[in-house]
>>> print(open('entry17.cif').read())   # mmCIF, C-alpha atoms
data_work
#
loop_
_atom_site.label_atom_id
_atom_site.label_comp_id
_atom_site.auth_asym_id
_atom_site.auth_seq_id
_atom_site.Cartn_x
_atom_site.Cartn_y
_atom_site.Cartn_z
CA MET A 1 34.19 3.81 -33.02
CA PRO A 2 31.52 5.94 -34.71
CA GLN A 3 30.87 7.71 -31.39
CA LEU A 4 34.27 9.42 -31.59
CA GLU A 5 34.84 9.34 -35.34
CA GLN A 6 31.68 10.96 -36.64
CA VAL A 7 32.56 14.34 -35.19
CA GLU A 8 30.64 16.08 -37.97
CA PHE A 9 27.35 14.96 -36.40
CA PHE A 10 28.10 16.24 -32.88
CA ILE A 11 26.35 19.56 -33.47
CA SER A 12 23.35 17.84 -35.01
CA GLN A 13 23.05 15.40 -32.10
CA LEU A 14 23.37 18.18 -29.53
CA PHE A 15 20.85 20.30 -31.39
CA TRP A 16 18.20 17.59 -31.62
CA LEU A 17 18.87 16.43 -28.06
CA GLY A 18 18.28 20.01 -26.89
CA VAL A 19 15.14 20.36 -28.97
CA PHE A 20 13.55 17.12 -27.82
CA PHE A 21 14.63 17.45 -24.22
CA VAL A 22 13.17 20.94 -24.01
CA ILE A 23 9.93 19.82 -25.69
CA LEU A 24 9.64 16.83 -23.39
CA PHE A 25 10.48 18.83 -20.28
CA SER A 26 8.05 21.65 -21.10
CA VAL A 27 5.11 19.47 -22.03
CA LEU A 28 5.65 17.20 -19.03
CA THR A 29 6.04 20.15 -16.63
CA TYR A 30 3.12 22.24 -17.84
CA ILE A 31 0.61 19.68 -19.09
CA THR A 32 1.21 16.05 -18.18
CA LEU A 33 2.50 16.12 -14.62
CA PRO A 34 -0.10 18.61 -13.32
CA LYS A 35 -2.79 16.39 -14.83
CA ILE A 36 -1.41 13.28 -13.11
CA ARG A 37 -0.98 15.19 -9.85
CA ALA A 38 -4.55 16.51 -10.00
CA PHE A 39 -5.85 13.02 -10.62
CA LEU A 40 -3.89 11.58 -7.70
CA ASN A 41 -4.87 14.45 -5.39
CA LYS A 42 -8.52 13.99 -6.26
CA ARG A 43 -8.34 10.36 -5.30
CA ASP A 44 -6.37 11.07 -2.12
CA ASP A 45 -8.92 13.69 -1.09
CA PHE A 46 -11.72 11.23 -1.71
CA VAL A 47 -10.01 8.55 0.35
CA ARG A 48 -9.17 10.98 3.14
CA SER A 49 -12.73 12.33 3.35
CA HIS A 50 -14.06 8.79 3.41
CA ILE A 51 -11.68 7.82 6.18
CA SER A 52 -12.89 10.70 8.36
CA LYS A 53 -16.50 9.83 7.54
CA GLN A 54 -15.78 6.26 8.46
CA ASP A 55 -14.30 7.35 11.80
CA GLU A 56 -17.51 9.23 12.55
CA LEU A 57 -19.60 6.23 11.67
CA ILE A 58 -17.45 3.98 13.83
CA LYS A 59 -17.93 6.35 16.79
CA LYS A 60 -21.67 6.37 16.18
CA ALA A 61 -21.77 2.59 16.00
CA GLU A 62 -19.80 2.35 19.23
CA SER A 63 -22.21 4.63 21.07
CA ILE A 64 -25.11 2.60 19.71
CA ILE A 65 -23.49 -0.60 20.96
CA GLU A 66 -22.94 0.96 24.38
CA ASN A 67 -26.55 2.05 24.52
CA TYR A 68 -27.71 -1.39 23.51
CA GLU A 69 -25.55 -3.07 26.11
CA ALA A 70 -26.81 -0.79 28.85
CA LYS A 71 -30.38 -1.55 27.85
CA LEU A 72 -29.62 -5.24 27.71
CA THR A 73 -28.19 -5.24 31.27
CA GLU A 74 -31.20 -3.32 32.50
CA ALA A 75 -33.56 -5.78 30.87
CA LYS A 76 -31.62 -8.69 32.35
CA ASN A 77 -31.82 -7.17 35.81
CA GLN A 78 -35.52 -6.63 35.39
CA ALA A 79 -36.01 -10.18 34.23
CA SER A 80 -34.14 -11.64 37.18
CA GLN A 81 -36.14 -9.39 39.51
CA ILE A 82 -39.36 -10.71 38.02
CA ILE A 83 -38.16 -14.27 38.30
CA ASN A 84 -37.21 -13.78 41.96
CA ASP A 85 -40.55 -12.21 42.72
CA ALA A 86 -42.37 -15.05 41.04
CA LYS A 87 -40.30 -17.60 42.96
CA ASP A 88 -41.04 -15.87 46.28
CA GLU A 89 -44.70 -15.72 45.50
CA ALA A 90 -44.82 -19.33 44.49
CA LEU A 91 -42.99 -20.28 47.67
CA HIS A 92 -45.42 -18.29 49.82
CA GLU A 93 -48.37 -19.76 48.05
CA SER A 94 -47.18 -23.31 48.46
CA GLU A 95 -46.37 -22.71 52.13
CA ARG A 96 -49.81 -21.24 52.67
CA LEU A 97 -51.44 -24.20 50.96
CA LEU A 98 -49.36 -26.61 52.98
CA LYS A 99 -50.29 -24.90 56.21
CA ALA A 100 -53.98 -24.85 55.32
CA THR A 101 -53.91 -28.49 54.42
CA GLU A 102 -52.12 -29.35 57.63
CA GLU A 103 -54.67 -27.43 59.66
CA LYS A 104 -57.47 -29.20 57.88
CA ILE A 105 -55.89 -32.53 58.54
CA GLN A 106 -55.37 -31.61 62.20
CA GLN A 107 -58.99 -30.62 62.50
CA GLU A 108 -60.06 -33.79 60.87
CA ILE A 109 -57.89 -35.77 63.29
CA LYS A 110 -59.33 -33.89 66.25
CA LEU A 111 -62.87 -34.44 65.03
CA THR A 112 -62.23 -38.10 64.50
CA GLU A 113 -60.59 -38.45 67.91
CA SER A 114 -63.52 -36.81 69.68
CA ARG A 115 -65.94 -39.03 67.81
CA VAL A 116 -63.93 -42.11 68.71
CA GLN A 117 -63.87 -40.94 72.36
CA LYS A 118 -67.59 -40.43 72.35
CA GLU A 119 -68.21 -43.80 70.81
CA LYS A 120 -65.86 -45.34 73.35
CA GLU A 121 -67.74 -43.63 76.22
CA ASP A 122 -71.06 -44.67 74.80
CA ALA A 123 -69.89 -48.22 74.51
CA LEU A 124 -68.55 -48.17 78.05
CA SER A 125 -71.76 -46.73 79.53
CA GLU A 126 -73.82 -49.27 77.63
CA LEU A 127 -71.61 -51.99 78.89
CA ASN A 128 -72.04 -50.59 82.37
CA THR A 129 -75.87 -50.65 82.15
CA GLN A 130 -75.81 -54.09 80.71
CA LEU A 131 -73.50 -55.25 83.44
CA LYS A 132 -75.73 -53.58 85.98
CA ASP A 133 -78.83 -55.27 84.52
CA SER A 134 -77.26 -58.65 84.43
CA ALA A 135 -75.92 -58.15 87.97
CA THR A 136 -79.39 -57.10 89.13
CA ASP A 137 -80.89 -60.11 87.40
CA PHE A 138 -78.39 -62.35 89.06
CA ILE A 139 -78.84 -60.87 92.49
CA SER A 140 -82.62 -60.96 92.25
CA LYS A 141 -82.48 -64.54 91.20
CA VAL A 142 -80.12 -65.43 93.99
CA THR A 143 -81.67 -63.35 96.71
CA ASN A 144 -85.27 -63.31 95.48
CA ILE A 145 -85.43 -59.66 95.99
CA GLU A 146 -87.49 -57.73 93.58
CA LYS A 147 -85.48 -56.17 90.86
CA GLY A 148 -86.79 -52.75 91.68
CA ASN A 149 -85.54 -52.95 95.22
CA ILE A 150 -82.00 -53.66 94.28
CA ASN A 151 -79.86 -50.57 93.94
CA LEU A 152 -76.36 -51.07 92.97
CA MET B 1 25.81 -9.61 -39.66
CA ALA B 2 27.06 -9.19 -43.18
CA LYS B 3 30.58 -10.31 -43.89
CA GLY B 4 33.19 -7.85 -42.79
CA GLU B 5 30.66 -5.68 -41.05
CA SER B 6 31.92 -4.35 -37.73
CA PRO B 7 29.76 -4.87 -34.65
CA LEU B 8 30.22 -1.16 -34.12
CA LYS B 9 28.41 -0.34 -37.35
CA GLN B 10 25.12 -0.23 -35.49
CA PHE B 11 26.28 2.95 -33.77
CA GLU B 12 26.83 4.82 -37.01
CA ILE B 13 24.93 8.05 -37.47
CA GLN B 14 23.04 8.20 -40.74
CA PRO B 15 21.51 11.47 -41.84
CA ILE B 16 17.91 11.20 -42.98
CA ILE B 17 17.20 14.83 -43.89
CA ASP B 18 20.13 17.16 -44.50
CA ILE B 19 19.57 20.47 -42.75
CA ASN B 20 22.05 23.31 -42.74
CA LEU B 21 21.42 26.25 -40.43
CA PHE B 22 23.82 29.24 -40.50
CA GLY B 23 26.58 26.97 -41.74
CA LEU B 24 25.95 24.41 -39.00
CA ASP B 25 25.08 20.88 -39.96
CA ILE B 26 21.98 20.00 -37.97
CA SER B 27 20.81 17.15 -40.17
CA PHE B 28 17.89 15.07 -38.92
CA THR B 29 19.64 11.74 -38.33
CA ASN B 30 18.64 8.28 -37.14
CA SER B 31 19.65 9.48 -33.67
CA ALA B 32 17.21 12.39 -33.91
CA LEU B 33 14.55 10.02 -35.27
CA TRP B 34 14.73 7.80 -32.19
CA MET B 35 14.73 10.85 -29.94
CA THR B 36 11.50 11.82 -31.69
CA VAL B 37 10.04 8.37 -31.14
CA THR B 38 11.08 8.39 -27.47
CA THR B 39 9.71 11.88 -26.83
CA ALA B 40 6.45 11.14 -28.63
CA PHE B 41 6.01 7.85 -26.82
CA ILE B 42 6.64 9.34 -23.36
CA LEU B 43 4.27 12.22 -24.01
CA ILE B 44 1.51 9.95 -25.31
CA PHE B 45 2.05 7.31 -22.64
CA PHE B 46 1.81 9.75 -19.75
CA THR B 47 -0.62 12.33 -21.14
CA ALA B 48 -3.21 10.37 -23.10
CA PRO B 49 -4.68 8.39 -20.16
CA PHE B 50 -5.42 11.65 -18.30
CA LEU B 51 -6.88 13.66 -21.18
CA LYS B 52 -10.42 12.31 -20.92
CA SER B 53 -11.66 14.32 -17.99
CA LYS B 54 -14.87 12.69 -16.88
CA LYS B 55 -16.94 15.31 -15.14
CA THR B 56 -19.59 13.05 -13.69
CA ASN B 57 -18.07 13.56 -10.22
CA SER B 58 -19.03 10.05 -9.24
CA VAL B 59 -16.83 7.56 -7.47
CA SER B 60 -16.22 5.70 -10.72
CA ASP B 61 -13.93 8.45 -12.14
CA LEU B 62 -11.58 7.76 -9.25
CA TYR B 63 -10.92 4.24 -10.45
CA PRO B 64 -7.81 4.49 -12.61
CA SER B 65 -7.79 2.78 -15.99
CA ARG B 66 -4.99 0.36 -16.85
CA MET B 67 -3.04 3.03 -18.68
CA GLN B 68 -3.51 5.46 -15.81
CA VAL B 69 -2.15 2.87 -13.39
CA ALA B 70 0.89 2.38 -15.62
CA ALA B 71 1.53 6.13 -15.84
CA GLU B 72 0.94 6.52 -12.11
CA LEU B 73 3.53 3.85 -11.44
CA GLY B 74 6.19 5.91 -13.21
CA PHE B 75 5.05 9.04 -11.43
CA SER B 76 5.12 7.54 -7.95
CA PHE B 77 8.43 5.80 -8.67
CA ILE B 78 10.20 9.11 -9.31
CA ASN B 79 8.25 10.70 -6.47
CA SER B 80 9.51 8.21 -3.92
CA LEU B 81 13.03 8.36 -5.40
CA LEU B 82 13.15 12.13 -4.86
CA ASN B 83 11.51 11.85 -1.45
CA ASP B 84 14.05 9.32 -0.25
CA THR B 85 17.12 11.19 -1.47
CA VAL B 86 16.27 14.90 -1.28
CA GLY B 87 13.20 15.03 0.95
CA LYS B 88 10.34 17.47 0.74
CA GLU B 89 12.32 20.21 -1.02
CA GLY B 90 12.85 17.74 -3.87
CA LYS B 91 9.32 18.36 -5.19
CA LYS B 92 10.54 21.41 -7.15
CA TYR B 93 12.94 19.31 -9.20
CA PHE B 94 10.44 16.56 -9.87
CA SER B 95 9.83 17.33 -13.53
CA LEU B 96 13.58 17.54 -14.24
CA VAL B 97 14.33 14.14 -12.72
CA PHE B 98 11.19 12.67 -14.29
CA THR B 99 12.14 13.95 -17.75
CA LEU B 100 15.72 12.72 -17.43
CA PHE B 101 14.71 9.29 -16.19
CA MET B 102 11.99 8.70 -18.78
CA PHE B 103 14.06 10.08 -21.66
CA ILE B 104 17.01 7.82 -20.85
CA LEU B 105 14.85 4.82 -19.93
CA PHE B 106 12.79 4.82 -23.13
CA GLY B 107 15.85 5.78 -25.20
CA ASN B 108 17.57 2.66 -23.85
CA LEU B 109 14.50 0.46 -24.22
CA PHE B 110 13.73 1.53 -27.80
CA GLY B 111 17.39 0.84 -28.54
CA MET B 112 16.66 -2.82 -27.76
CA ILE B 113 14.35 -3.07 -30.78
CA PRO B 114 16.29 -4.74 -33.63
CA TYR B 115 17.38 -2.32 -36.39
CA SER B 116 16.65 0.64 -34.17
CA PHE B 117 19.22 3.13 -32.91
CA THR B 118 20.24 3.81 -29.31
CA PHE B 119 20.95 7.51 -28.95
CA THR B 120 22.18 6.96 -25.37
CA SER B 121 25.07 4.89 -26.76
CA HIS B 122 26.67 8.13 -27.97
CA ILE B 123 29.07 9.84 -25.59
CA ILE B 124 28.16 13.28 -26.93
CA VAL B 125 24.50 12.77 -25.96
CA THR B 126 25.17 11.35 -22.51
CA LEU B 127 27.86 13.95 -21.86
CA ALA B 128 25.46 16.72 -22.83
CA LEU B 129 22.85 15.34 -20.43
CA ALA B 130 25.43 14.94 -17.65
CA MET B 131 26.87 18.41 -18.24
CA GLY B 132 23.36 19.82 -18.16
CA VAL B 133 22.78 18.19 -14.77
CA PHE B 134 26.23 19.31 -13.54
CA ILE B 135 25.75 22.93 -14.56
CA PHE B 136 22.20 23.02 -13.19
CA VAL B 137 23.32 21.58 -9.85
CA THR B 138 26.31 23.97 -9.57
CA ILE B 139 24.13 27.01 -10.32
CA LEU B 140 21.56 25.71 -7.83
CA GLY B 141 24.27 25.46 -5.18
CA PHE B 142 25.44 29.01 -5.77
CA VAL B 143 21.90 30.37 -5.80
CA LYS B 144 21.05 28.64 -2.52
CA HIS B 145 24.30 29.28 -0.63
CA GLY B 146 26.23 32.00 -2.52
CA VAL B 147 29.94 31.96 -1.75
CA LYS B 148 29.32 29.50 1.09
CA PHE B 149 28.91 26.88 -1.63
CA PHE B 150 32.74 26.59 -1.72
CA SER B 151 32.62 25.15 1.79
CA PHE B 152 31.27 22.04 0.04
CA PHE B 153 34.89 21.20 -0.82
CA VAL B 154 35.96 21.38 2.81
CA ILE B 155 35.18 18.22 4.69
CA PRO B 156 34.05 19.21 8.20
CA GLY B 157 36.02 17.96 11.21
CA LEU B 158 39.31 17.57 9.38
CA PRO B 159 42.63 18.98 10.71
CA ILE B 160 43.75 22.18 8.93
CA TYR B 161 47.03 20.71 7.63
CA MET B 162 45.09 18.09 5.65
CA LEU B 163 43.10 20.71 3.75
CA PRO B 164 45.70 21.59 1.05
CA LEU B 165 45.74 17.92 0.10
CA LEU B 166 42.03 17.18 0.32
CA ILE B 167 40.52 20.31 -1.22
CA PRO B 168 42.05 19.61 -4.67
CA ILE B 169 40.87 16.00 -4.42
CA GLU B 170 37.36 17.15 -3.58
CA ILE B 171 37.39 19.62 -6.47
CA ILE B 172 38.61 16.99 -8.90
CA SER B 173 35.99 14.51 -7.74
CA TYR B 174 33.33 17.21 -8.11
CA LEU B 175 34.47 18.09 -11.63
CA SER B 176 34.63 14.46 -12.69
CA ARG B 177 30.98 13.94 -11.83
CA PRO B 178 29.66 14.71 -15.33
CA ILE B 179 32.33 12.48 -16.86
CA SER B 180 31.55 9.48 -14.66
CA LEU B 181 27.83 10.08 -15.09
CA SER B 182 28.03 10.20 -18.88
CA VAL B 183 30.64 7.48 -19.41
CA ARG B 184 28.72 5.05 -17.18
CA LEU B 185 25.61 5.28 -19.33
CA PHE B 186 27.44 5.43 -22.67
CA ALA B 187 29.77 2.51 -21.88
CA ASN B 188 26.95 0.30 -20.63
CA MET B 189 24.92 0.85 -23.77
CA LEU B 190 27.93 0.48 -26.03
CA ALA B 191 29.18 -2.71 -24.39
CA GLY B 192 25.78 -4.36 -24.23
CA HIS B 193 24.87 -3.68 -27.85
CA THR B 194 28.34 -4.64 -29.09
CA LEU B 195 28.24 -7.91 -27.17
CA LEU B 196 24.82 -8.74 -28.59
CA LYS B 197 26.04 -8.02 -32.12
CA VAL B 198 29.20 -10.12 -31.69
CA PHE B 199 27.24 -13.12 -30.46
CA ALA B 200 24.64 -12.60 -33.18
CA GLY B 201 27.53 -12.97 -35.67
CA PHE B 202 28.36 -16.36 -34.16
CA VAL B 203 24.86 -17.67 -34.76
CA SER B 204 25.19 -17.73 -38.54
CA ALA B 205 28.90 -18.62 -38.44
CA LEU B 206 28.44 -21.80 -36.34
CA GLY B 207 25.68 -23.35 -38.46
CA ILE B 208 23.68 -25.90 -36.45
CA PHE B 209 25.65 -25.12 -33.29
CA GLY B 210 24.51 -21.54 -33.67
CA ILE B 211 21.67 -22.48 -31.33
CA LEU B 212 24.07 -22.00 -28.40
CA PRO B 213 24.88 -18.34 -29.02
CA LEU B 214 21.22 -17.81 -29.93
CA VAL B 215 20.14 -19.00 -26.48
CA PHE B 216 22.86 -16.82 -25.03
CA ILE B 217 21.59 -13.79 -26.95
CA ILE B 218 18.07 -14.35 -25.66
CA ALA B 219 19.32 -14.39 -22.08
CA LEU B 220 21.57 -11.42 -22.76
CA THR B 221 18.67 -9.44 -24.23
CA GLY B 222 16.84 -9.90 -20.94
CA LEU B 223 19.91 -8.67 -19.09
CA GLU B 224 20.20 -5.70 -21.45
CA ILE B 225 16.61 -4.71 -20.74
CA LEU B 226 17.45 -4.82 -17.04
CA ILE B 227 20.54 -2.68 -17.68
CA ALA B 228 18.46 -0.24 -19.74
CA PHE B 229 16.28 0.28 -16.69
CA LEU B 230 19.15 0.21 -14.21
CA GLN B 231 21.23 2.83 -16.01
CA ALA B 232 18.28 5.20 -16.27
CA TYR B 233 17.71 4.63 -12.56
CA VAL B 234 21.38 5.26 -11.73
CA PHE B 235 21.37 8.47 -13.76
CA ALA B 236 18.21 9.66 -12.03
CA ILE B 237 19.30 8.75 -8.51
CA LEU B 238 22.71 10.40 -8.98
CA THR B 239 20.96 13.51 -10.23
CA CYS B 240 18.86 13.43 -7.07
CA LEU B 241 21.96 13.03 -4.90
CA TYR B 242 23.71 15.94 -6.65
CA ILE B 243 20.61 18.10 -6.10
CA ASN B 244 20.65 17.05 -2.46
CA ASP B 245 24.34 18.00 -2.17
CA ALA B 246 23.65 21.40 -3.72
CA LEU B 247 20.76 22.05 -1.34
CA HIS B 248 22.31 20.81 1.88
CA LEU B 249 26.09 20.94 1.12
CA HIS B 250 27.19 18.32 3.64
#
>>> encode(input="entry17.cif", output="structure tokens")
Amino acid sequence: MPQLEQVEFFISQLFWLGVFFVILFSVLTYITLPKIRAFLNKRDDFVRSHISKQDELIKKAESIIENYEAKLTEAKNQASQIINDAKDEALHESERLLKATEEKIQQEIKLTESRVQKEKEDALSELNTQLKDSATDFISKVTNIEKGNINL
Amino acid sequence: MAKGESPLKQFEIQPIIDINLFGLDISFTNSALWMTVTTAFILIFFTAPFLKSKKTNSVSDLYPSRMQVAAELGFSFINSLLNDTVGKEGKKYFSLVFTLFMFILFGNLFGMIPYSFTFTSHIIVTLALAMGVFIFVTILGFVKHGVKFFSFFVIPGLPIYMLPLLIPIEIISYLSRPISLSVRLFANMLAGHTLLKVFAGFVSALGIFGILPLVFIIALTGLEILIAFLQAYVFAILTCLYINDALHLH
């Protein structure tokens, strides 16, 4: 096995291992790793600052939504108030109109009734005079009494 | 596989440039070459996407490019690994765990390229890494707790007469940590690559029926890539657990 037979190269292997390990370790420790770390930190900082900014914006958005909702409820209340008012008014108006119309009709009925009554009375009185005349005529014819002397 | 060539030949160290320093042979070998490739790749992969610093300060610089996402993935993977095992104090040891994980991971993965060399298949390399972790963790324990660190070997809530038996066992298990850590990685890499090579030898030997081992190799390569990742992960998570032990004792 060359690993155990080539003893003459042990020192050389150890020497070069030491050299390269030290070079690698030093360059990585003092140049490479700080660079990588700085890069990662920069990005982490960026992300962190954006997360806090985002939280602020979310809070702002929430307050805006709250505001909006409050305004919306207010507007809805107002709208329903207006609708109720309008309904009431319309109801009143229609009632008023109905009442007025009814009154008018009532008046009309009364007027018509009185006219009918008057016409009826007129007719009756005329009938009465006619009856009286014809009765007078009949009596005068029967009794030969002058018409003017008969008083019924 | 050439005739008579051992499947273990792939693990042979071949010097590329002979270097001799104070009588020590520190030749630049194929092992060192692939360590170079791994190191260079990791550094480019993780650094290059973040070099262009756009200073427009607009939202668009926060969008990661594809390469940045890939690098970030590795970063956050180790980050969550440390967070889950050690907790918040683990941040200090991030670059250590990250370096270990990436070095082993890409060492293993580049070893899967044909004709390349897997430096993690050498016990001396894995043992050195494991010993490094072991020594670091032990020193960390002493720095954090001083002499109280020895109470780590005493399991709380145990009757006194059991202690003479259990303390040596605890000490042995503590000392065998670097061995288990290194042998696990080394043996996995060794076994996987050897198995691939053995079956690759069957492909040419069986002629037309060589299609069967070929299919097997393809499936096995997928498994080896999984193991490459898994072993790097195991090494990293055990390092995290050892750090956690050193920080919190029990």
>>> interface_residues(input="entry17.cif", of="chain A", to="chain B", cutoff="7 Å", atoms="only C-alpha atoms", output="ChimeraX atom specification")
/A:1-3,10-16,20,24-25,28-29,32,35-36,43
>>> closest_residue(input="entry17.cif", among="A:Ile82, A:Leu17, A:Val7, A:Leu40", to="Trp34 (chain B)", atoms="all atoms listed in the file")
A:Leu17
>>> atom_distance(input="entry17.cif", atom1="CA of Gln231 (chain B)", atom2="CA of Thr118 (chain B)")
13.4 Å
>>> closest_residue(input="entry17.cif", among="B:Leu185, B:Ile135, B:Leu109, B:Ile171", to="Phe41 (chain B)", atoms="all atoms listed in the file")
B:Leu109
>>> resolve_selection(input="entry17.cif", expression="the PyMOL selection byres ((chain B and resi 225) around 10)", output="PDB file with C-alpha atoms, in the frame of the given file")
ATOM      1  CA  LEU B 105      14.850   4.820 -19.930  1.00  0.00           C
ATOM      2  CA  ASN B 108      17.570   2.660 -23.850  1.00  0.00           C
ATOM      3  CA  LEU B 109      14.500   0.460 -24.220  1.00  0.00           C
ATOM      4  CA  PHE B 110      13.730   1.530 -27.800  1.00  0.00           C
ATOM      5  CA  GLY B 111      17.390   0.840 -28.540  1.00  0.00           C
ATOM      6  CA  MET B 112      16.660  -2.820 -27.760  1.00  0.00           C
ATOM      7  CA  GLY B 192      25.780  -4.360 -24.230  1.00  0.00           C
ATOM      8  CA  LEU B 220      21.570 -11.420 -22.760  1.00  0.00           C
ATOM      9  CA  THR B 221      18.670  -9.440 -24.230  1.00  0.00           C
ATOM     10  CA  GLY B 222      16.840  -9.900 -20.940  1.00  0.00           C
ATOM     11  CA  LEU B 223      19.910  -8.670 -19.090  1.00  0.00           C
ATOM     12  CA  GLU B 224      20.200  -5.700 -21.450  1.00  0.00           C
ATOM     13  CA  LEU B 226      17.450  -4.820 -17.040  1.00  0.00           C
ATOM     14  CA  ILE B 227      20.540  -2.680 -17.680  1.00  0.00           C
ATOM     15  CA  ALA B 228      18.460  -0.240 -19.740  1.00  0.00           C
ATOM     16  CA  PHE B 229      16.280   0.280 -16.690  1.00  0.00           C
ATOM     17  CA  LEU B 230      19.150   0.210 -14.210  1.00  0.00           C
TER      18      LEU B 230
END
>>> atom_distance(input="entry17.cif", atom1="CA of Phe235 (chain B)", atom2="CA of Arg184 (chain B)")
8.8 Å
>>> residues_around(input="entry17.cif", residues="Val86 (chain B)", least_positions_apart="2", cutoff="8 Å", atoms="only C-alpha atoms", output="PyMOL selection string")
chain B and resi 82-84+88-90+240-241+243-244
>>> residues_around(input="entry17.cif", residues="Asp245 (chain B)", least_positions_apart="5", cutoff="12 Å", atoms="all atoms listed in the file", output="PyMOL selection string")
chain B and resi 85-87+90+134+137-138+140-142+144-145+149+151-153+174+238-240+250
>>> axis_aligned_box(input="entry17.cif", around="region 92-109 of chain A", padding_each_side="8 Å", output="lines of an AutoDock Vina configuration file")
center_x = -52.7
center_y = -27.0
center_z = 55.7
size_x = 30.6
size_y = 33.5
size_z = 31.2
>>> atom_distance(input="entry17.cif", atom1="CA of Lys91 (chain B)", atom2="CA of Glu170 (chain B)")
28.1 Å
>>> resolve_selection(input="entry17.cif", expression="the PyMOL selection byres ((chain B and resi 198) around 10)", output="ChimeraX atom specification")
/B:1,6-8,193-197,199-203,213,217
>>> closest_residue(input="entry17.cif", among="B:Gly210, B:Gly23, B:Pro168, B:Gly107", to="Met189 (chain B)", atoms="all atoms listed in the file")
B:Gly107
>>> closest_residue(input="entry17.cif", among="B:Met67, B:Ile78, B:Val143, B:Ile155", to="Ala246 (chain B)", atoms="only C-alpha atoms")
B:Val143
>>> closest_residue(input="entry17.cif", among="B:Ala205, B:Ile169, B:Ile104, B:Val69", to="Thr120 (chain B)", atoms="only C-alpha atoms")
B:Ile104
>>> resolve_selection(input="entry17.cif", expression="the PyMOL selection byres ((chain A and resi 128-137) around 9)", output="list of chain:residue names")
A:Ala123, A:Leu124, A:Ser125, A:Glu126, A:Leu127, A:Phe138, A:Ile139, A:Ser140, A:Lys141, A:Val142, A:Lys147, A:Gly148, A:Ile150, A:Asn151, A:Leu152
>>> write_last_selection(input="entry17.cif", atoms="C-alpha atoms", output="CSV table (one decimal), keeping the file's coordinate frame")
chain,number,residue,atom,x,y,z
A,123,ALA,CA,-69.9,-48.2,74.5
A,124,LEU,CA,-68.6,-48.2,78.0
A,125,SER,CA,-71.8,-46.7,79.5
A,126,GLU,CA,-73.8,-49.3,77.6
A,127,LEU,CA,-71.6,-52.0,78.9
A,138,PHE,CA,-78.4,-62.4,89.1
A,139,ILE,CA,-78.8,-60.9,92.5
A,140,SER,CA,-82.6,-61.0,92.2
A,141,LYS,CA,-82.5,-64.5,91.2
A,142,VAL,CA,-80.1,-65.4,94.0
A,147,LYS,CA,-85.5,-56.2,90.9
A,148,GLY,CA,-86.8,-52.8,91.7
A,150,ILE,CA,-82.0,-53.7,94.3
A,151,ASN,CA,-79.9,-50.6,93.9
A,152,LEU,CA,-76.4,-51.1,93.0
>>> closest_residue(input="entry17.cif", among="B:Met131, B:Glu5, B:Ile218, B:Phe209", to="Val183 (chain B)", atoms="all atoms listed in the file")
B:Met131
>>> build_atoms(input="entry17.cif", residues="region 29-39 of chain A", atoms="N, CA and C atoms", output="short mmCIF file (atom, residue, chain, number, x, y, z; two decimals), in the frame of the given file")
data_model
loop_
_atom_site.label_atom_id
_atom_site.label_comp_id
_atom_site.auth_asym_id
_atom_site.auth_seq_id
_atom_site.Cartn_x
_atom_site.Cartn_y
_atom_site.Cartn_z
N THR A 29 6.17 19.24 -17.78
CA THR A 29 6.04 20.15 -16.63
C THR A 29 4.71 20.89 -16.63
N TYR A 30 4.30 21.36 -17.82
CA TYR A 30 3.12 22.24 -17.84
C TYR A 30 1.81 21.55 -18.17
N ILE A 31 1.87 20.35 -18.74
CA ILE A 31 0.61 19.68 -19.09
C ILE A 31 0.46 18.34 -18.38
N THR A 32 1.41 17.45 -18.61
CA THR A 32 1.21 16.05 -18.18
C THR A 32 1.24 15.90 -16.67
N LEU A 33 2.34 16.38 -16.06
CA LEU A 33 2.50 16.12 -14.62
C LEU A 33 1.41 16.79 -13.78
N PRO A 34 1.01 18.04 -14.09
CA PRO A 34 -0.10 18.61 -13.32
C PRO A 34 -1.38 17.79 -13.42
N LYS A 35 -1.60 17.22 -14.63
CA LYS A 35 -2.79 16.39 -14.83
C LYS A 35 -2.74 15.15 -13.93
N ILE A 36 -1.57 14.49 -13.93
CA ILE A 36 -1.41 13.28 -13.11
C ILE A 36 -1.57 13.64 -11.64
N ARG A 37 -0.93 14.76 -11.26
CA ARG A 37 -0.98 15.19 -9.85
C ARG A 37 -2.43 15.47 -9.43
N ALA A 38 -3.16 16.17 -10.32
CA ALA A 38 -4.55 16.51 -10.00
C ALA A 38 -5.37 15.24 -9.82
N PHE A 39 -5.12 14.29 -10.70
CA PHE A 39 -5.85 13.02 -10.62
C PHE A 39 -5.57 12.32 -9.29
#
